[in-house]
There are 2 protein chains.
Amino acid sequence: MTGAPIFERMALIGIGLIGSSIAQAARQRGLVKEIAISTRSPATLQRAEELGLGDVYELDAAVAVEGADLVILCVPVGANESVAKWISPALKKGAVLTDVGSTKGSVVEQVGPHVPEGVHFIPGHPIAGTEHSGPDAGFPTLFDHRWCILTPTPDVDPDALQKLTAFWQGCGSDVDQMEPKHHDLVLAIVSHLPHLIAYNIVGTADDLETVTKSQVIKYSASGFRDFTRLAASDPTMWRDVCLNNKDAILEMLARFSEDLSALQRAIRWGDGDKLFDMFTRTRGIRSSIIEAGQETDAPDFGRHTASETVSSSD
Amino acid sequence: MTGAPIFERMALIGIGLIGSSIAQAARQRGLVKEIAISTRSPATLQRAEELGLGDVYELDAAVAVEGADLVILCVPVGANESVAKWISPALKKGAVLTDVGSTKGSVVEQVGPHVPEGVHFIPGHPIAGTEHSGPDAGFPTLFDHRWCILTPTPDVDPDALQKLTAFWQGCGSDVDQMEPKHHDLVLAIVSHLPHLIAYNIVGTADDLETVTKSQVIKYSASGFRDFTRLAASDPTMWRDVCLNNKDAILEMLARFSEDLSALQRAIRWGDGDKLFDMFTRTRGIRSSIIEAGQETDAPDFGRHTASETVSSSD
């Protein structure tokens with residue numbers, strides 16, 4: 001499904017899981033004519049070149065963005081400000097500048113002031129990813145049937161917004177618009193809190209003296225392993241998310257802890273009816289997510305078939 | 001891979017996900033000659049018969065166990081005591097009596113006193129399951145490459161133990177032995193705590209006033225949906241687990257909450273180094289679980305392919 005390219009030259013600053021997937025989706029679907037890739041690590045840049053992800057490879061981000069009419073920052077959110085300062089003088093007038101960060105209020109604050117006049121800055125966040133990191137982890141269908149949230153200011157240029165929307169739709173995404181602050185609140189509950197809880201429970205298990213790590217590993221199929229996927233995500237990305245969406249995350253953590261205390265109390269007092277009610281109300285949400293096309297309806301995430309394949313090659 | 005049957009007549013009391021999977025595995029692999037199925041719900045019993053899961057169907061558990069040399073209690077752990085009382089007078093001398101419950105200390109206490117002399121009671125727990133419940137949810141490969149923990153007493157009859165071990169191995173499981181109390185501690189961290197945390201976070205999200213339920217559903221692919229699988233598990237089963245492994249669960253909950261407070265503090269004070277360390281140490285556990293053959297190594301639990309299949313039929 002290739003049409004006319006939406007942008008002439010796309011510059012990707014950062015080429016991890018997301019950058020690499022954007023490059024592959026854009027190339028496969030003919031969304032851009034030329035792809036310039038920049039990252040600060042020479043080894044990663046070389047790997048991107050070996051994978052053939054772009055047309056031009058530059059260590060200097062300012063050189064990479066020259067002449068680009070679409071610039072996408074694909075770095076951990078904590079690096080956005082310094083990258084924005086660096087590339088700012090080299091940005092082409094009329095270019096669309098966006099990012100893929102999991103926090104949007106901080107990006108507006110940190111990148112906004114460095115955007116030159118005539119450049120259209122539209123923060124963005126594709127709701128997609130896996131637990132793997134780096135350019136090798138990318139794949140062209142990552143964004144298919146996933147939401148991409150854009151957080152434009154009210155005075156955004158309509159053409160620029162329309163082109164960026166078409167770009168993400170071309171990558172397979174459904175596109176939504178939201179206020180940056182509301183985005184950060186929504187993501188705090190659907191993404192940031194789940195990751196923190198997952199990191200935390202895996203840490204708790206790792207610290208036990210009474211149950212060995214090898215027992216945790218052996219018997220993990222009884223529930224624990226579901227958490228280890230999120231807890232295997234990129235630590236730099238998640239450190240930056242915590243530092244840049246502090247208020248919303250602390251709010252969600254406080255609510256979660258309060259609810260957990262109530263659950264703990266019901267267990268201590270043996271309140272079976274309350275426990276049954278708590279465990280019943282949560283069932284419906286999963287079926288709604290499956291109906292919305294955001295989850296597979298196969299039991300066990302469909303991993304049963306996958307693990308059989310693995311085992312047969314043992 | 002069928003050999004000589006290990007048992008002549010197996011009676012399954014309860015025919016949910018686990019009972020149904022045992023029936024199918026035992027039949028497919030020729031582990032028993034005859035299968036008697038009993039459950040207190042006439043509708044469920046009829047469904048089991050429609051699915052052809054057994055040879056004999058009885059509403060009266062005491063009738064079902066007559067002449068059985070293997071009796072497996074496949075009911076929620078809270079129902080074990082009353083079933084044990086019920087079937088006790090009808091159990092055949094020399095029969096092996098076991099169960100599949102997620103708590104073992106309580107089963108020893110509640111079932112043990114009702115076991116007649118000459119019947120070999122060996123509590124058991126296959127570490128396998130999905131988020132689906134009922135006889136239709138069962139499948140014959142559920143136990144393949146999964147652990148089954150038996151908690152025999154020191155004076156167990158060696159022949160009975162050997163036969164039950166061979167039965168579970170025939171179902172595809174690796175078999176381990178453990179003290180009941182230690183089993184309950186191990187399961188509290190690898191299974192019970194993860195389920196409670198999952199139920200809790202889904203409940204927290206459901207209660208928010210600032211983020212709508214439809215937003216939680218739409219953007220769930222960013223992490224939240226991983227938790228909804230465990231939170232869709234059978235509420236009766238999990239109520240009973242909480243009531244019957246209270247001490248170990250409260251101990252794990254307390255540790256988890258303590259660790260969560262430390263994480264919360266690091267976020268509040270913007271301690272990036274501490275956050276980075278916390279998020280780094282947890283990565284190794286997942287690779288160990290994959291190496292141990294207890295998890296698929298496909299990104300996103302391998303569900304990407306599954307969801308593509310779903311979407312293409314939209």
# chains A, B, ... in the order shown; residues from 1 in each chain; ligands from 1
$ residues_around --residues "Arg265 (chain A)" --least-positions-apart "2" --cutoff "12 Å" --atoms "only C-alpha atoms" --output "ChimeraX atom specification"
/A:258-263,267-272,274-275 /B:242-243,246,249-250,253-254
$ residues_around --residues "region 101-111 of chain A" --least-positions-apart "2" --cutoff "8 Å" --atoms "only C-alpha atoms" --output "NGL selection string"
:A and (74-77 or 80-81 or 84-85 or 99 or 113-115 or 123-125 or 151 or 180-181 or 183-184 or 187 or 241 or 244-245)
$ write_last_selection --atoms "N, CA and C atoms" --output "CSV table (one decimal), in the first residue's frame"
chain,number,residue,atom,x,y,z
A,74,CYS,N,13.8,10.4,18.5
A,74,CYS,CA,13.5,9.0,19.0
A,74,CYS,C,14.5,8.7,20.1
A,75,VAL,N,14.8,9.6,21.0
A,75,VAL,CA,15.7,9.4,22.1
A,75,VAL,C,14.9,9.3,23.4
A,76,PRO,N,15.5,8.8,24.5
A,76,PRO,CA,14.8,8.8,25.8
A,76,PRO,C,14.4,10.2,26.2
A,77,VAL,N,13.3,10.4,26.8
A,77,VAL,CA,12.8,11.8,27.0
A,77,VAL,C,13.8,12.7,27.7
A,80,ASN,N,15.9,14.8,25.2
A,80,ASN,CA,15.2,15.7,24.2
A,80,ASN,C,15.7,17.1,24.2
A,81,GLU,N,15.9,17.7,25.4
A,81,GLU,CA,16.3,19.1,25.5
A,81,GLU,C,17.7,19.3,24.8
A,84,ALA,N,17.4,19.0,21.1
A,84,ALA,CA,16.7,20.2,20.5
A,84,ALA,C,17.7,21.4,20.4
A,85,LYS,N,18.5,21.6,21.5
A,85,LYS,CA,19.4,22.7,21.4
A,85,LYS,C,20.4,22.5,20.3
A,99,ASP,N,8.3,14.1,18.2
A,99,ASP,CA,9.1,13.2,19.0
A,99,ASP,C,8.2,11.9,19.3
A,113,PRO,N,11.0,25.8,23.9
A,113,PRO,CA,11.7,27.0,23.8
A,113,PRO,C,12.8,27.0,22.7
A,114,HIS,N,13.3,25.9,22.3
A,114,HIS,CA,14.4,25.8,21.3
A,114,HIS,C,13.9,25.7,19.9
A,115,VAL,N,12.6,25.7,19.7
A,115,VAL,CA,12.1,25.5,18.3
A,115,VAL,C,12.1,26.9,17.6
A,123,PRO,N,4.4,17.6,19.4
A,123,PRO,CA,4.8,16.4,20.1
A,123,PRO,C,3.9,15.2,19.9
A,124,GLY,N,4.5,14.0,19.9
A,124,GLY,CA,3.8,12.8,19.6
A,124,GLY,C,4.2,11.6,20.5
A,125,HIS,N,3.3,10.6,20.5
A,125,HIS,CA,3.6,9.4,21.3
A,125,HIS,C,2.9,8.2,20.7
A,151,THR,N,0.0,15.8,20.5
A,151,THR,CA,-0.4,16.9,21.5
A,151,THR,C,-0.1,18.2,20.9
A,180,PRO,N,-1.3,17.9,26.4
A,180,PRO,CA,-0.1,17.2,27.0
A,180,PRO,C,-0.3,16.7,28.4
A,181,LYS,N,-0.9,17.6,29.3
A,181,LYS,CA,-1.1,17.2,30.7
A,181,LYS,C,-2.1,16.0,30.8
A,183,HIS,N,-2.6,13.7,28.5
A,183,HIS,CA,-1.8,12.6,28.0
A,183,HIS,C,-0.9,12.0,29.2
A,184,ASP,N,-0.3,12.8,29.9
A,184,ASP,CA,0.6,12.3,31.0
A,184,ASP,C,-0.1,11.6,32.1
A,187,LEU,N,-1.3,8.2,30.5
A,187,LEU,CA,-0.1,7.2,30.4
A,187,LEU,C,0.4,6.8,31.8
A,241,VAL,N,11.3,8.5,32.2
A,241,VAL,CA,9.9,8.7,32.3
A,241,VAL,C,9.5,9.1,33.8
A,244,ASN,N,10.3,12.6,34.5
A,244,ASN,CA,9.6,13.6,33.7
A,244,ASN,C,8.1,13.6,33.8
A,245,ASN,N,7.6,12.6,34.6
A,245,ASN,CA,6.1,12.6,34.8
A,245,ASN,C,5.9,12.3,36.3
$ interface_residues --of "chain B" --to "chain A" --cutoff "6 Å" --atoms "only C-alpha atoms" --output "ChimeraX atom specification"
/B:127,130,186,190-191,194,204,211,216-217,220,222-224,228,231-232,235,239,243,256,270,275-276,279-280,282-283,286,289,296,299-303,307
$ select_by_dssp --residues "region 17-249 of chain B" --states "strand (DSSP E)" --output "ChimeraX atom specification"
/B:32-38,56-58,70-73,96-99,120-121,124-126,147-150,174-177
$ write_last_selection --atoms "C-alpha atoms" --output "PDB file, in the first residue's frame"
ATOM      1  CA  VAL B  32      -5.717 -44.478  32.625  1.00  0.00           C
ATOM      2  CA  LYS B  33      -8.264 -47.046  31.432  1.00  0.00           C
ATOM      3  CA  GLU B  34     -11.428 -45.356  32.604  1.00  0.00           C
ATOM      4  CA  ILE B  35     -12.334 -41.805  33.578  1.00  0.00           C
ATOM      5  CA  ALA B  36     -15.155 -40.975  36.006  1.00  0.00           C
ATOM      6  CA  ILE B  37     -16.168 -37.343  36.247  1.00  0.00           C
ATOM      7  CA  SER B  38     -18.128 -35.703  39.013  1.00  0.00           C
ATOM      8  CA  VAL B  56     -18.767 -42.110  33.482  1.00  0.00           C
ATOM      9  CA  TYR B  57     -20.537 -38.967  34.716  1.00  0.00           C
ATOM     10  CA  GLU B  58     -21.861 -38.740  38.271  1.00  0.00           C
ATOM     11  CA  LEU B  70      -6.694 -42.548  41.362  1.00  0.00           C
ATOM     12  CA  VAL B  71      -8.877 -39.761  42.734  1.00  0.00           C
ATOM     13  CA  ILE B  72      -7.995 -36.144  41.905  1.00  0.00           C
ATOM     14  CA  LEU B  73      -9.747 -33.248  43.619  1.00  0.00           C
ATOM     15  CA  VAL B  96      -4.074 -42.686  45.466  1.00  0.00           C
ATOM     16  CA  LEU B  97      -5.869 -39.484  46.507  1.00  0.00           C
ATOM     17  CA  THR B  98      -4.419 -36.182  45.319  1.00  0.00           C
ATOM     18  CA  ASP B  99      -5.490 -32.637  44.492  1.00  0.00           C
ATOM     19  CA  HIS B 120      -2.492 -42.865  49.922  1.00  0.00           C
ATOM     20  CA  PHE B 121      -3.001 -39.115  50.194  1.00  0.00           C
ATOM     21  CA  GLY B 124      -0.148 -31.991  44.454  1.00  0.00           C
ATOM     22  CA  HIS B 125      -0.066 -28.788  42.459  1.00  0.00           C
ATOM     23  CA  PRO B 126       0.447 -28.598  38.700  1.00  0.00           C
ATOM     24  CA  TRP B 147       6.297 -28.248  36.811  1.00  0.00           C
ATOM     25  CA  CYS B 148       4.039 -30.269  39.076  1.00  0.00           C
ATOM     26  CA  ILE B 149       4.873 -30.067  42.793  1.00  0.00           C
ATOM     27  CA  LEU B 150       3.956 -32.970  45.064  1.00  0.00           C
ATOM     28  CA  ASP B 174       8.334 -32.306  35.305  1.00  0.00           C
ATOM     29  CA  VAL B 175       7.708 -33.400  38.895  1.00  0.00           C
ATOM     30  CA  ASP B 176       9.221 -31.844  42.031  1.00  0.00           C
ATOM     31  CA  GLN B 177       8.761 -32.595  45.723  1.00  0.00           C
TER      32      GLN B 177
END
$ atom_distance --atom1 "CA of Gly14 (chain B)" --atom2 "CA of Asp155 (chain B)"
28.1 Å
$ atom_distance --atom1 "CA of Gly94 (chain A)" --atom2 "CA of Pro154 (chain A)"
17.7 Å
$ residues_around --residues "region 2-9 of chain A" --least-positions-apart "2" --cutoff "10 Å" --atoms "only C-alpha atoms" --output "ChimeraX atom specification"
/A:11-12,26-36,55,64-71,95-96,163-164,166-167,170
$ select_by_dssp --residues "region 152-235 of chain A" --states "helix (DSSP H, G or I)" --output "PyMOL selection string"
chain A and resi 158-170+180-207+213-218+220-222+225-230+235
$ atom_distance --atom1 "CA of Gly118 (chain B)" --atom2 "CA of Thr39 (chain B)"
25.1 Å
$ decode --residues "region 214-243 of chain A" --atoms "N, CA and C atoms" --output "short mmCIF file (atom, residue, chain, number, x, y, z; two decimals), in the first residue's frame"
data_model
loop_
_atom_site.label_atom_id
_atom_site.label_comp_id
_atom_site.auth_asym_id
_atom_site.auth_seq_id
_atom_site.Cartn_x
_atom_site.Cartn_y
_atom_site.Cartn_z
N SER A 214 16.31 -19.56 41.83
CA SER A 214 16.06 -20.66 40.88
C SER A 214 14.64 -21.18 41.04
N GLN A 215 14.07 -21.11 42.25
CA GLN A 215 12.67 -21.50 42.41
C GLN A 215 11.73 -20.50 41.74
N VAL A 216 12.06 -19.23 41.89
CA VAL A 216 11.25 -18.19 41.24
C VAL A 216 11.23 -18.44 39.73
N ILE A 217 12.38 -18.77 39.17
CA ILE A 217 12.49 -19.00 37.72
C ILE A 217 11.72 -20.26 37.31
N LYS A 218 11.94 -21.35 38.06
CA LYS A 218 11.28 -22.62 37.71
C LYS A 218 9.77 -22.53 37.68
N TYR A 219 9.21 -21.86 38.69
CA TYR A 219 7.76 -21.87 38.85
C TYR A 219 7.09 -20.59 38.37
N SER A 220 7.82 -19.84 37.56
CA SER A 220 7.34 -18.51 37.14
C SER A 220 6.09 -18.57 36.27
N ALA A 221 5.82 -19.74 35.66
CA ALA A 221 4.66 -19.83 34.76
C ALA A 221 3.34 -19.65 35.51
N SER A 222 3.38 -19.67 36.83
CA SER A 222 2.16 -19.53 37.62
C SER A 222 1.71 -18.09 37.79
N GLY A 223 2.35 -17.15 37.10
CA GLY A 223 1.89 -15.77 37.17
C GLY A 223 3.03 -14.77 37.07
N PHE A 224 4.10 -15.05 37.80
CA PHE A 224 5.22 -14.12 37.91
C PHE A 224 5.80 -13.72 36.54
N ARG A 225 5.90 -14.69 35.62
CA ARG A 225 6.58 -14.39 34.35
C ARG A 225 5.88 -13.28 33.55
N ASP A 226 4.58 -13.10 33.75
CA ASP A 226 3.87 -12.03 33.04
C ASP A 226 4.48 -10.66 33.35
N PHE A 227 5.00 -10.51 34.57
CA PHE A 227 5.55 -9.22 35.01
C PHE A 227 6.96 -8.98 34.49
N THR A 228 7.65 -10.08 34.19
CA THR A 228 9.06 -9.92 33.83
C THR A 228 9.23 -9.29 32.45
N ARG A 229 8.19 -9.35 31.63
CA ARG A 229 8.30 -8.74 30.30
C ARG A 229 8.45 -7.23 30.43
N LEU A 230 7.55 -6.59 31.17
CA LEU A 230 7.65 -5.14 31.36
C LEU A 230 8.94 -4.78 32.11
N ALA A 231 9.31 -5.64 33.07
CA ALA A 231 10.50 -5.34 33.88
C ALA A 231 11.79 -5.59 33.11
N ALA A 232 11.70 -6.02 31.85
CA ALA A 232 12.89 -6.19 31.02
C ALA A 232 13.05 -5.01 30.06
N SER A 233 12.21 -3.99 30.22
CA SER A 233 12.26 -2.82 29.32
C SER A 233 13.50 -1.97 29.59
N ASP A 234 13.76 -1.08 28.68
CA ASP A 234 14.97 -0.25 28.71
C ASP A 234 15.04 0.64 29.97
N PRO A 235 16.04 0.44 30.83
CA PRO A 235 16.13 1.20 32.10
C PRO A 235 16.31 2.70 31.90
N THR A 236 17.04 3.10 30.88
CA THR A 236 17.25 4.54 30.65
C THR A 236 15.94 5.23 30.33
N MET A 237 15.17 4.59 29.43
CA MET A 237 13.88 5.14 29.06
C MET A 237 13.01 5.30 30.31
N TRP A 238 12.98 4.30 31.16
CA TRP A 238 12.06 4.33 32.30
C TRP A 238 12.53 5.24 33.42
N ARG A 239 13.85 5.37 33.59
CA ARG A 239 14.36 6.37 34.53
C ARG A 239 13.86 7.75 34.09
N ASP A 240 14.01 8.03 32.80
CA ASP A 240 13.62 9.35 32.28
C ASP A 240 12.11 9.59 32.40
N VAL A 241 11.32 8.55 32.19
CA VAL A 241 9.86 8.69 32.34
C VAL A 241 9.53 9.09 33.78
N CYS A 242 10.16 8.40 34.74
CA CYS A 242 9.89 8.70 36.17
C CYS A 242 10.27 10.13 36.52
N LEU A 243 11.40 10.59 35.98
CA LEU A 243 11.87 11.93 36.31
C LEU A 243 11.02 13.00 35.62
#
